[in-house]
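Novice: Sending over a structure as structure tokens; questions will come in a sec.
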Amino acid sequence: MPSQIEVLASLQLVDQSLRTKSLAIAEGEGRVAALEEAVRGQTAAASAAREQLAALNTRQRDLETRLAAAEAKMKDRRMRITRIRNDKELGLAKREVELLKEETNGLESELVSVMEQVEAGTAKLQGLEGELARLTAERDAEANELRDKLGRLSGEMERERATRSELLQNVDGDLRRKYEMIFSRRGGVAVVEVREGICQGCRMRVPPQLFNEIQRNEQVILCPSCQRMLFWRAEAEEANG
Ligand SMILES: [Zn+2]
């Protein structure tokens, strides 16, 4: 019948393996979540840029229509001028053509500006869509990797959990709670070996009287310095000695 500390030492090996796997899974999940977030942001940015570009395209078409209409009207008035004989009417008609000329000039320069914005907007959208495609591919690759990892690890983790339950059947409830608390607070190391009188968790020398108690292996003893459960292995000591 193994002692409580021996069972806890075996339990810790299983728990450390489970912990490493859980951390690897959590890390993968974190990467996927961060990429999901980036994809969402990039999708929103691309969609805003697409809407902006659509509005500019509409404005360009509208300006082109208005410019064509003003040019047609101006052409028509110029034709009419050749037929006007009355001076007053001629003056009015020339004034109208001048105004139309101003209008077309204004529309033309506005159109040039809008076309420049369309060009810039198209380039911007292309950039955003390229980055979105890159992020999406990266997210998919990361998600696949996580799926593979989960597939690989879940069976092992299930077996380890079963082993864990079996081991725990031989551990006193209070001791189990104490072990689990130390394990979670001390970075996954609750049980440490004492070698040549030194705690391998914190490298402090254990008082000789306490060391004798540990060697008796009758009860679980905590390191006075790091509060971990101390474990002594006779065969390790002999191998070192
Ligand atoms: Zn210690």
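Chain lettering (A, B, ...) mirrors the order of the structure tokens, residue numbering begins at 1 for each chain separately, and ligand numbering begins at 1 in order of display.
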Please, which residues have at least one atom within 10 Å of an atom of ligand 1, using only C-alpha atoms and all ligand atoms, listed as a list in words?
Specialist: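 Going residue by residue within 10 Å of ligand 1, we get Ala190, Val191, Val192, Glu193, Val194, Ile198, Cys199, Gln200, Gly201, Cys202, Arg203, Met204, Arg205, Val206, Leu222, Cys223, Pro224, Ser225, Cys226, Gln227, Arg228, Met229 and Leu230 of chain A.
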Novice: Do you have, as a tab-separated table, the list of residues of region 112-207 of chain A lying at most 12 Å from region 95-107 of chain A, each with its nearest atom pair and that distance in Å to one decimal, counting only C-alpha atoms and ordered by chain then number?
Specialist:
```
residue	atom	partner	partner_atom	distance
A:Val112	CA	A:Leu107	CA	8.6
A:Ser113	CA	A:Leu107	CA	9.9
A:Val114	CA	A:Leu107	CA	10.3
A:Met115	CA	A:Leu107	CA	12.0
```
Novice: Point out the residue among A:Glu160, A:Glu108, A:Glu138, A:Glu235 with the least atom-to-atom distance to Val32 (chain A), counting only C-alpha atoms.
Specialist: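 When distances to Val32 (chain A) are compared using only C-alpha atoms, the smallest one comes from A:Glu138.
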Novice: Return the single residue from A:Thr43, A:Arg164, A:Ala49, A:Gly151 that is closest to Ala120 (chain A), with distances computed using only C-alpha atoms.
Specialist: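 When distances to Ala120 (chain A) are compared using only C-alpha atoms, the smallest one comes from A:Ala49.
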Novice: Which residues are close to Leu153 (chain A), i.e. within 9 Å by only C-alpha atoms, leaving aside same-chain residues fewer than 5 positions away? Reply as JSON, numbers by chain.
Specialist: {"A": [21, 25, 148, 158]}
Novice: Could you give me, as a list in words, the residues within 10 Å of Arg77 (chain A), counting only C-alpha atoms and dropping anything in the same chain fewer than 4 positions from it?
Specialist: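 Within the cut-off, the hits are Glu71, Ala72, Lys73, Ile81, Thr82, Ala93, Lys94, Glu96, Val97 and Leu100 of chain A.
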Novice: So, counting only C-alpha atoms, which residue among A:Leu150, A:Leu35, A:Leu175, A:Leu128 is closest to Ser47 (chain A)?
Specialist: A:Leu128
Novice: With a distance cut-off of 12 Å and only C-alpha atoms, select the neighbouring residues of Met1 (chain A), excluding the residue or stretch itself and same-chain residues fewer than 5 positions from it, and output the selection as an MDAnalysis selection string.
Specialist: chainID A and resid 6:7 170:171
Novice: If you count only C-alpha atoms, which residues fall within 8 Å of region 121-125 of chain A, apart from same-chain ones fewer than 3 positions away, as a PyMOL selection string?
Specialist: chain A and resi 46+49-50+52-53+117-118+128-129
Novice: May I ask which of the residues A:Arg59, A:Lys88, A:Arg78, A:Arg139 is the closest one to Glu37 (chain A), counting only C-alpha atoms?
Specialist: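 For Glu37 (chain A), the nearest of the given residues is A:Arg139.
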Novice: Could you work out how far CA of Gly188 (chain A) lies from CA of Ser17 (chain A), giving the answer in Å with one decimal?
Specialist: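 Result for CA of Ser17 (chain A) versus CA of Gly188 (chain A): 9.8 Å, one decimal.
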Novice: If you run DSSP over the backbone, which residues in region 97-237 of chain A end up alpha helix (DSSP H)? Put them as a PyMOL selection string.
Specialist: chain A and resi 97-168+173-185+208-216+234-237
